[in-house]
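A.B. asks: Structure file input_4.txt (compact mmCIF, C-alpha atoms and all ligand atoms) is given on the next line.
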# COMPACT_ATOMS: atom_id res chain seq x y z
CA MET A 1 -15.87 -32.40 18.45
CA SER A 2 -13.20 -32.09 21.12
CA PHE A 3 -9.44 -32.37 20.66
CA PRO A 4 -6.82 -33.68 23.08
CA ALA A 5 -5.02 -30.93 25.03
CA THR A 6 -1.88 -31.39 22.92
CA HIS A 7 -3.72 -30.70 19.64
CA PRO A 8 -2.57 -27.51 17.89
CA SER A 9 -5.17 -24.74 17.96
CA VAL A 10 -7.59 -24.87 15.07
CA ASP A 11 -7.45 -21.71 12.98
CA LYS A 12 -10.99 -20.94 11.88
CA LYS A 13 -9.76 -17.92 9.92
CA SER A 14 -7.44 -19.71 7.52
CA GLY A 15 -9.89 -19.76 4.60
CA LYS A 16 -11.04 -16.93 2.38
CA THR A 17 -14.56 -16.84 3.80
CA CYS A 18 -15.39 -14.33 6.54
CA PRO A 19 -15.63 -16.34 9.80
CA VAL A 20 -18.36 -14.01 11.11
CA THR A 21 -20.73 -13.64 8.17
CA GLY A 22 -19.71 -16.58 5.98
CA GLU A 23 -19.41 -14.20 2.99
CA SER A 24 -16.31 -14.32 0.84
CA HIS A 25 -15.16 -10.70 0.49
CA GLU A 26 -16.56 -9.08 3.61
CA TYR A 27 -14.05 -6.98 5.59
CA GLN A 28 -12.79 -8.64 8.75
CA PRO A 29 -9.81 -7.17 10.63
CA PRO A 30 -7.01 -9.59 11.53
CA ALA A 31 -7.42 -11.63 14.71
CA THR A 32 -4.73 -12.36 17.27
CA GLY A 33 -2.13 -14.62 15.72
CA ASP A 34 -2.89 -13.70 12.12
CA ALA A 35 0.09 -12.64 10.02
CA ARG A 36 0.16 -9.29 8.28
CA SER A 37 2.72 -7.44 6.16
CA VAL A 38 4.11 -3.96 5.68
CA CYS A 39 1.99 -3.61 2.51
CA PRO A 40 -1.48 -2.09 2.78
CA ALA A 41 -2.54 -3.62 -0.54
CA ILE A 42 -1.71 -7.16 0.51
CA ASN A 43 -3.12 -6.81 4.03
CA THR A 44 -6.33 -5.48 2.51
CA MET A 45 -6.52 -8.59 0.34
CA ALA A 46 -6.25 -10.75 3.48
CA ASN A 47 -8.81 -8.63 5.37
CA HIS A 48 -11.26 -9.10 2.49
CA GLY A 49 -10.53 -12.79 1.86
CA TYR A 50 -8.84 -12.45 -1.55
CA ILE A 51 -6.00 -14.46 0.00
CA ARG A 52 -6.08 -16.56 3.19
CA ARG A 53 -7.39 -14.37 5.97
CA ASP A 54 -4.78 -15.58 8.46
CA GLY A 55 -1.96 -14.33 6.19
CA LYS A 56 -0.08 -17.62 6.52
CA LYS A 57 1.29 -20.07 3.94
CA ILE A 58 0.68 -17.59 1.15
CA SER A 59 1.93 -18.70 -2.26
CA PRO A 60 3.06 -16.28 -4.99
CA TYR A 61 0.25 -17.65 -7.14
CA ALA A 62 -2.31 -16.71 -4.46
CA ILE A 63 -0.98 -13.13 -4.47
CA TYR A 64 -0.98 -13.00 -8.28
CA ARG A 65 -4.61 -14.15 -8.42
CA GLY A 66 -5.59 -11.89 -5.53
CA LEU A 67 -4.08 -8.79 -7.18
CA LYS A 68 -6.08 -9.42 -10.33
CA ALA A 69 -9.36 -10.18 -8.54
CA CYS A 70 -9.15 -7.55 -5.79
CA TYR A 71 -7.64 -4.58 -7.68
CA GLY A 72 -8.15 -5.49 -11.35
CA LEU A 73 -4.42 -5.53 -12.15
CA SER A 74 -3.39 -6.71 -15.62
CA THR A 75 -1.63 -10.06 -15.90
CA PRO A 76 1.81 -8.48 -16.66
CA LEU A 77 1.52 -6.06 -13.72
CA ALA A 78 0.46 -8.82 -11.30
CA ILE A 79 3.33 -11.04 -12.52
CA VAL A 80 5.94 -8.28 -12.21
CA LEU A 81 4.85 -7.34 -8.67
CA THR A 82 4.62 -10.89 -7.42
CA THR A 83 7.83 -12.27 -8.92
CA GLY A 84 9.69 -9.03 -8.08
CA GLY A 85 8.47 -9.26 -4.49
CA TRP A 86 9.53 -12.87 -4.00
CA LEU A 87 12.92 -12.32 -5.68
CA LEU A 88 13.72 -9.31 -3.50
CA ILE A 89 12.94 -11.16 -0.27
CA LYS A 90 14.91 -14.13 -1.64
CA ARG A 91 12.17 -16.64 -1.01
CA LEU A 92 10.62 -19.42 -3.02
CA GLY A 93 7.18 -20.88 -2.34
CA ARG A 94 4.80 -20.04 0.48
CA ILE A 95 5.48 -17.33 3.07
CA ASN A 96 3.87 -15.78 6.11
CA LEU A 97 2.98 -12.19 5.23
CA PHE A 98 5.36 -10.60 7.76
CA GLU A 99 8.25 -12.01 5.68
CA LEU A 100 7.56 -9.37 3.01
CA GLY A 101 8.96 -6.82 5.46
CA LEU A 102 12.58 -7.99 5.10
CA HIS A 103 14.43 -4.67 5.38
CA ASN A 104 15.87 -3.48 2.07
CA GLY A 105 14.17 -6.32 0.18
CA VAL A 106 11.10 -4.55 -1.17
CA GLU A 107 10.82 -2.78 2.18
CA HIS A 108 12.48 0.59 2.60
CA ASP A 109 12.71 3.51 5.02
CA ALA A 110 10.67 6.71 4.59
CA SER A 111 7.38 4.83 4.26
CA VAL A 112 4.21 6.85 4.30
CA VAL A 113 2.47 5.25 7.29
CA HIS A 114 5.13 3.00 8.83
CA ALA A 115 8.13 3.76 11.04
CA ASP A 116 11.63 3.08 9.69
CA CYS A 117 13.17 -0.30 10.44
CA PRO A 118 15.20 0.08 13.68
CA SER A 119 18.92 -0.39 12.97
CA GLY A 120 20.06 -3.98 13.42
CA GLN A 121 16.54 -5.36 12.99
CA LYS A 122 15.94 -7.77 10.09
CA ASP A 123 12.25 -7.07 9.49
CA ALA A 124 10.53 -3.69 9.42
CA PRO A 125 7.62 -2.96 11.79
CA VAL A 126 4.22 -3.98 10.43
CA ALA A 127 2.28 -1.62 12.74
CA ILE A 128 0.49 1.27 11.05
CA GLU A 129 1.33 4.61 12.71
CA PRO A 130 -1.99 6.49 13.14
CA LYS A 131 -0.06 9.77 13.54
CA LEU A 132 1.50 9.29 10.09
CA VAL A 133 -1.91 8.51 8.55
CA ASP A 134 -3.27 11.77 10.04
CA GLU A 135 -0.23 13.69 8.82
CA PHE A 136 -0.62 12.27 5.29
CA ALA A 137 -4.27 13.37 5.15
CA SER A 138 -3.85 16.75 6.84
CA GLU A 139 -0.94 17.83 4.63
CA ILE A 140 -2.97 17.02 1.51
CA VAL A 141 -6.03 18.87 2.84
CA LYS A 142 -3.82 21.86 3.68
CA THR A 143 -2.44 22.05 0.11
CA ALA A 144 -5.87 21.56 -1.50
CA SER A 145 -7.42 24.21 0.79
CA ALA A 146 -4.66 26.70 -0.02
CA SER A 147 -5.20 26.17 -3.75
CA VAL A 148 -8.91 27.10 -3.54
CA GLY A 149 -8.60 29.69 -0.80
CA ARG A 150 -11.00 28.06 1.65
CA GLU A 151 -10.90 25.33 4.29
CA LEU A 152 -11.85 22.01 2.66
CA ALA A 153 -13.18 18.90 4.40
CA GLU A 154 -11.39 15.59 3.70
CA ALA A 155 -14.46 14.36 1.81
CA GLU A 156 -13.99 17.16 -0.75
CA VAL A 157 -10.34 16.39 -1.46
CA VAL A 158 -8.79 14.00 -3.99
CA VAL A 159 -5.23 12.67 -3.82
CA THR A 160 -3.15 13.26 -6.95
CA GLY A 161 0.32 12.37 -8.14
CA HIS A 162 1.46 15.85 -7.02
CA ASP A 163 0.30 15.06 -3.47
CA ILE A 164 2.28 11.82 -3.52
CA VAL A 165 5.36 13.71 -4.75
CA ARG A 166 5.08 16.17 -1.83
CA THR A 167 4.45 13.28 0.59
CA ARG A 168 7.50 11.36 -0.64
CA ILE A 169 9.74 14.45 -0.38
CA ARG A 170 8.44 15.16 3.14
CA ARG A 171 9.00 11.58 4.33
CA GLU A 172 12.37 11.11 2.59
CA LYS A 173 13.78 14.22 4.30
CA LEU A 174 13.32 12.46 7.64
CA SER A 175 15.22 9.24 6.86
CA LYS A 176 18.56 8.09 5.51
CA PRO A 177 18.64 8.59 1.71
CA LEU A 178 16.91 5.85 -0.28
CA ASP A 179 18.83 4.16 -3.08
CA ALA A 180 17.42 4.62 -6.60
CA MET A 181 15.66 1.24 -6.64
CA HIS A 182 13.84 1.75 -3.33
CA ALA A 183 12.93 5.35 -4.25
CA GLU A 184 11.40 3.92 -7.44
CA ILE A 185 9.55 1.22 -5.48
CA ALA A 186 8.18 3.85 -3.08
CA ARG A 187 6.74 5.90 -5.97
CA GLY A 188 5.49 2.78 -7.77
CA GLU A 189 3.50 1.56 -4.74
CA MET A 190 1.46 4.73 -4.78
CA ALA A 191 1.31 4.96 -8.58
CA ILE A 192 -0.52 1.63 -8.67
CA ILE A 193 -3.28 2.66 -6.30
CA LEU A 194 -3.64 6.07 -7.99
CA GLY A 195 -4.27 4.20 -11.24
CA VAL A 196 -6.66 1.70 -9.68
CA TRP A 197 -8.84 4.28 -7.92
CA GLN A 198 -8.49 7.49 -9.92
CA LYS A 199 -11.79 9.15 -10.73
CA THR A 200 -13.17 12.63 -11.27
CA VAL A 201 -14.65 14.36 -8.22
CA GLU A 202 -16.19 17.78 -8.88
CA GLY A 203 -14.01 18.27 -11.94
CA LYS A 204 -10.79 17.19 -10.23
CA GLU A 205 -9.05 13.91 -11.06
CA GLY A 206 -7.61 11.82 -8.26
CA VAL A 207 -8.38 9.31 -5.54
CA PRO A 208 -10.92 10.39 -2.91
CA LEU A 209 -8.89 11.16 0.22
CA PRO A 210 -11.29 9.22 2.49
CA TRP A 211 -10.61 6.08 0.40
CA MET A 212 -6.85 6.51 0.87
CA ARG A 213 -7.19 7.20 4.60
CA THR A 214 -9.33 4.09 5.14
CA TRP A 215 -7.02 1.92 3.08
CA LEU A 216 -3.76 3.15 4.64
CA GLY A 217 -5.19 3.35 8.16
CA THR A 218 -7.39 0.24 8.40
CA GLU A 219 -6.45 -1.78 5.31
CA ARG A 220 -9.99 -1.86 4.05
CA LEU A 221 -11.45 -1.36 0.54
CA PRO A 222 -13.79 1.56 -0.13
CA GLU A 223 -17.39 0.55 0.67
CA GLY A 224 -19.07 -1.05 -2.34
CA TRP A 225 -16.05 -0.53 -4.65
CA SER A 226 -15.00 -3.12 -7.20
CA PRO A 227 -12.53 -2.81 -10.10
CA ASP A 228 -13.95 -0.91 -13.10
CA HIS A 229 -10.95 -1.20 -15.43
CA VAL A 230 -7.80 -3.22 -15.94
CA GLN A 231 -4.86 -1.46 -14.30
CA THR A 232 -1.87 -1.82 -16.62
CA LEU A 233 1.87 -1.89 -16.06
CA ARG A 234 2.27 0.78 -18.74
CA ASP A 235 0.03 3.22 -16.79
CA VAL A 236 2.00 2.60 -13.58
CA VAL A 237 5.33 3.20 -15.34
CA LYS A 238 3.97 6.45 -16.79
CA ARG A 239 2.69 7.71 -13.44
CA SER A 240 5.91 6.76 -11.62
CA GLY A 241 8.00 8.45 -14.31
CA ALA A 242 6.01 11.67 -13.97
CA MET A 243 6.45 11.59 -10.19
CA ARG A 244 10.20 10.95 -10.51
CA ALA A 245 10.57 13.94 -12.86
CA GLU A 246 8.56 16.21 -10.56
CA MET A 247 10.51 15.13 -7.47
CA LYS A 248 13.78 15.83 -9.28
CA LYS A 249 12.58 19.27 -10.37
CA ILE A 250 11.52 20.20 -6.83
CA LYS A 251 14.74 18.86 -5.29
CA ASP A 252 16.90 20.61 -7.93
CA GLY A 253 14.97 23.82 -7.21
CA GLU A 254 15.58 23.43 -3.48
CA GLY A 255 19.29 22.90 -4.22
CA GLU A 256 19.44 26.09 -6.27
CA THR A 257 17.67 28.05 -3.50
CA GLY A 258 20.11 26.63 -0.96
CA LYS A 259 23.10 27.69 -3.10
CA SER A 260 21.84 31.24 -3.59
CA GLN A 261 21.29 31.81 0.16
C1 LIG B 1 -2.09 -3.60 -5.96
C2 LIG B 1 -0.79 -3.82 -5.76
C3 LIG B 1 -0.03 -3.10 -4.71
C4 LIG B 1 -0.21 -1.83 -4.23
C5 LIG B 1 -1.22 -0.80 -4.65
C6 LIG B 1 0.77 -1.64 -3.18
C7 LIG B 1 0.89 -0.47 -2.45
C8 LIG B 1 1.76 -0.27 -1.43
C9 LIG B 1 1.93 0.98 -0.71
C10 LIG B 1 1.15 2.26 -0.94
C11 LIG B 1 2.92 0.80 0.18
C12 LIG B 1 3.52 1.88 1.09
C13 LIG B 1 3.07 1.84 2.51
C14 LIG B 1 3.78 2.94 3.29
O1 LIG B 1 4.50 3.73 2.67
O2 LIG B 1 3.62 3.01 4.52
C15 LIG B 1 3.38 -0.55 0.01
C16 LIG B 1 4.39 -1.10 0.73
C17 LIG B 1 4.90 -2.34 0.48
N1 LIG B 1 4.47 -3.27 -0.43
FE1 LIG B 1 2.91 -3.09 -1.64
N2 LIG B 1 1.51 -2.77 -3.04
C18 LIG B 1 1.07 -3.69 -3.96
C19 LIG B 1 1.56 -4.96 -4.15
C20 LIG B 1 2.62 -5.49 -3.50
C21 LIG B 1 3.22 -6.78 -3.78
C22 LIG B 1 2.71 -7.77 -4.85
C23 LIG B 1 4.24 -6.93 -2.91
C24 LIG B 1 5.18 -8.08 -2.74
C25 LIG B 1 4.98 -9.28 -3.18
C26 LIG B 1 4.30 -5.75 -2.08
C27 LIG B 1 5.18 -5.53 -1.07
C28 LIG B 1 5.27 -4.37 -0.34
C29 LIG B 1 6.28 -4.13 0.68
C30 LIG B 1 7.36 -5.08 1.12
C31 LIG B 1 6.04 -2.84 1.17
C32 LIG B 1 6.83 -2.08 2.21
C33 LIG B 1 7.55 -0.95 1.57
C34 LIG B 1 7.86 0.11 2.59
O3 LIG B 1 8.87 -0.05 3.27
O4 LIG B 1 7.08 1.07 2.71
N3 LIG B 1 3.30 -4.90 -2.47
N4 LIG B 1 2.66 -1.18 -0.97
Write the structure described by the file as C-alpha cells, please.
Ligand code: HEM

C.D. replies:
Amino acid sequence: MSFPATHPSVDKKSGKTCPVTGESHEYQPPATGDARSVCPAINTMANHGYIRRDGKKISPYAIYRGLKACYGLSTPLAIVLTTGGWLLIKRLGRINLFELGLHNGVEHDASVVHADCPSGQKDAPVAIEPKLVDEFASEIVKTASASVGRELAEAEVVVTGHDIVRTRIRREKLSKPLDAMHAEIARGEMAIILGVWQKTVEGKEGVPLPWMRTWLGTERLPEGWSPDHVQTLRDVVKRSGAMRAEMKKIKDGEGETGKSQ
C-alpha cells in the first residue's frame, strides 16, 4: 500500500510486539523518533514491549499494568508509583515518556547514571552517561574486592543496599543538595529494584552487578529473567528506611570528623 506524500509517517513500532521478531517481550532498543524517559525501569518496559515500544501516548494505566507484569510489583506499589509520578509532573492522561523528566517533578539532580538538569532547562537529559555507569560498577567492585582482600570480577559481585548508600553519598556530594522528598525518591528508586532482583550469590545477598549494569546502561532485563515473587510496598519502605538511616549515620560521622580536624 502506498500513501500520498503528505501522509504522516507510519510508526511500525507503536505496538507492544517486537517489530523484528514479532515476539511480545523480546528486547528491542529504541529507534529514531521513539520517546524515552529518565527512568531505566520504564524505558526497559518500552524496550521489552510491556508498554508501547515507541514510548508515546502512554497512559498511567499502561504503566500500572506494565509494572505488575514486567517487575511483579504488588497492586499498592504499582498504584503509588504511577499516581505519584503523574501527580508530580502535574499531568493527567497520556504522556510521551520524556515528560517524566520534568525537573524537580519526580526527577532530581545527583542521579546515578544521568547528568544533572542544566540550569534554566525544564526537562532533564534522558541520555545515559556511560562514564557514570562504569563508575557505578567500578566503585562497587572496588569495595567488594577490598572486603575479601582480592580482585573480584564484576560477575562475582552483588549490589547491596550498602552499595546504594555509598553511591548516593558519592553522587549527592557532586550536586546541589537534594530536598528531603527527592532524596527519598532517589533511595526508593533503587530500593525497588533491589527488592525485585535480590538473590543469594555464593552466600551473599544482593543483585548481581552484571544485571544492574545491563539495566542501567542499556535498559534491558536480565536474560531469561521473569518475576519470581510479588514486590511489595512494605518491603520498599523498609529498604529505603534502612538506607536513609545508614546515610545519616555516615554523614553524621563525616561531620564529626570534620569538626575534630
Ligand atoms: C519498577 C519500578 C521502578 C523502578 C525500579 C525505578 C527505578 C528507577 C531508578 C533506579 C532511577 C534512577 C536512575 C538514575 O539515578 O540515573 C529512576 C529514575 C526515575 N524514575 Fe523510576 N523506577 C520505577 C518506576 C517509576 C515510575 C512508575 C515513574 C513515574 C511514573 C518513575 C519515574 C522516574 C523518574 C522521573 C526518574 C528520574 C529521577 C532522577 O532524576 O534520577 N519511575 N527510576

A.B. asks: Show me, as JSON, the centre and edge lengths in Å to one decimal of the axis-aligned box that covers every listed atom of ligand LIG 1 (chain B) with 3 Å on each side.

C.D. replies:
{"center_x": 3.4, "center_y": -2.8, "center_z": -0.7, "size_x": 17.0, "size_y": 19.0, "size_z": 16.5}

A.B. asks: Give me the residues near stretch 122-133 of chain A as a VMD selection string, where near means some atom within 8 Å (using only C-alpha atoms) and where sequence neighbours in that chain fewer than 3 positions away do not count.

C.D. replies: chain A and resid 36 to 38 98 to 99 101 to 103 107 112 to 118 136 to 137 213 216 to 217

A.B. asks: Which neighbours of A:Ala144 fall inside 10 Å, counting all atoms listed in the file, when residues of the same chain fewer than 2 positions from it are skipped, and could you give them as a list in words?

C.D. replies: Ser138, Glu139, Ile140, Val141, Lys142, Ala146, Ser147, Val148, Gly149, Arg150, Glu151, Leu152, Ala153, Glu154, Glu156, Val157, Val158, Val159 and Asp163 of chain A

A.B. asks: Quote the spacing between atom CA of A:Asp54 and atom CA of A:Gly72 in Å to one decimal place.

C.D. replies: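 Between atom CA of A:Asp54 and atom CA of A:Gly72 the gap is 22.5 Å.
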
A.B. asks: Could you give me the residues within 6 Å of ligand LIG 1 (chain B), counting only C-alpha atoms and all ligand atoms, as a PyMOL selection string?

C.D. replies: chain A and resi 38-41+67+71+81-82+85-86+100-101+106-109+111-114+189-190+192-193

A.B. asks: Which residue is closest to A:His182? Choose from A:Thr160, A:Thr17, A:Asn104, A:Ser119 and count only C-alpha atoms.

C.D. replies: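 Of the candidates, the smallest distance to A:His182 is held by A:Asn104.
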
A.B. asks: Identify which of the residues A:Arg53, A:Ala35, A:Asn47, A:Ala180 lies closest to A:Gly15, counting only C-alpha atoms when measuring atom-to-atom distances.

C.D. replies: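 Looking at the shortest contact to A:Gly15, the residue is A:Arg53.
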
A.B. asks: What's the separation between atom CA of A:Glu246 and atom CA of A:Glu205, in Å to one decimal place?

C.D. replies: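 Straight-line distance from atom CA of A:Glu246 to atom CA of A:Glu205 works out to 17.8 Å.
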
A.B. asks: What does the distance between atom CA of A:Glu172 and atom CA of A:Gln231 come to in Å, to one decimal place?

C.D. replies: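 About the pair atom CA of A:Glu172 and atom CA of A:Gln231: they are 27.2 Å apart.
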
A.B. asks: Just the residues within 8 Å of A:Gly49, please, counting only C-alpha atoms, with nothing from its chain fewer than 5 positions along; format it as a count of residues only.

C.D. replies: 8

A.B. asks: As a PyMOL selection string, please: the residues near A:Ala78 (cut-off 9 Å, all atoms listed in the file, same-chain neighbours under 2 positions excluded).

C.D. replies: chain A and resi 63-68+73-76+80-83+233

A.B. asks: Determine the nearest neighbour of A:Thr143 from the options A:Thr167, A:Thr200, A:Ser175, A:Gln121, counting all atoms listed in the file.

C.D. replies: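 Of the candidates, the smallest distance to A:Thr143 is held by A:Thr167.
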
A.B. asks: For a quick check of understanding, using all atoms listed in the file, which of A:Glu256, A:Pro60, A:Gln28, A:Met247 has the smallest distance to A:Arg170?

C.D. replies: A:Met247

A.B. asks: For A:Pro208, which residue among A:Leu221, A:Lys249, A:Lys238, A:Ala155 is the nearest when counting all atoms listed in the file?

C.D. replies: A:Ala155

A.B. asks: Find, counting only C-alpha atoms, the residue in A:Leu88, A:Ala242, A:Val165, A:Ala62 that gets nearest to A:Ala186.

C.D. replies: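 Smallest distance to A:Ala186 is found for A:Val165.
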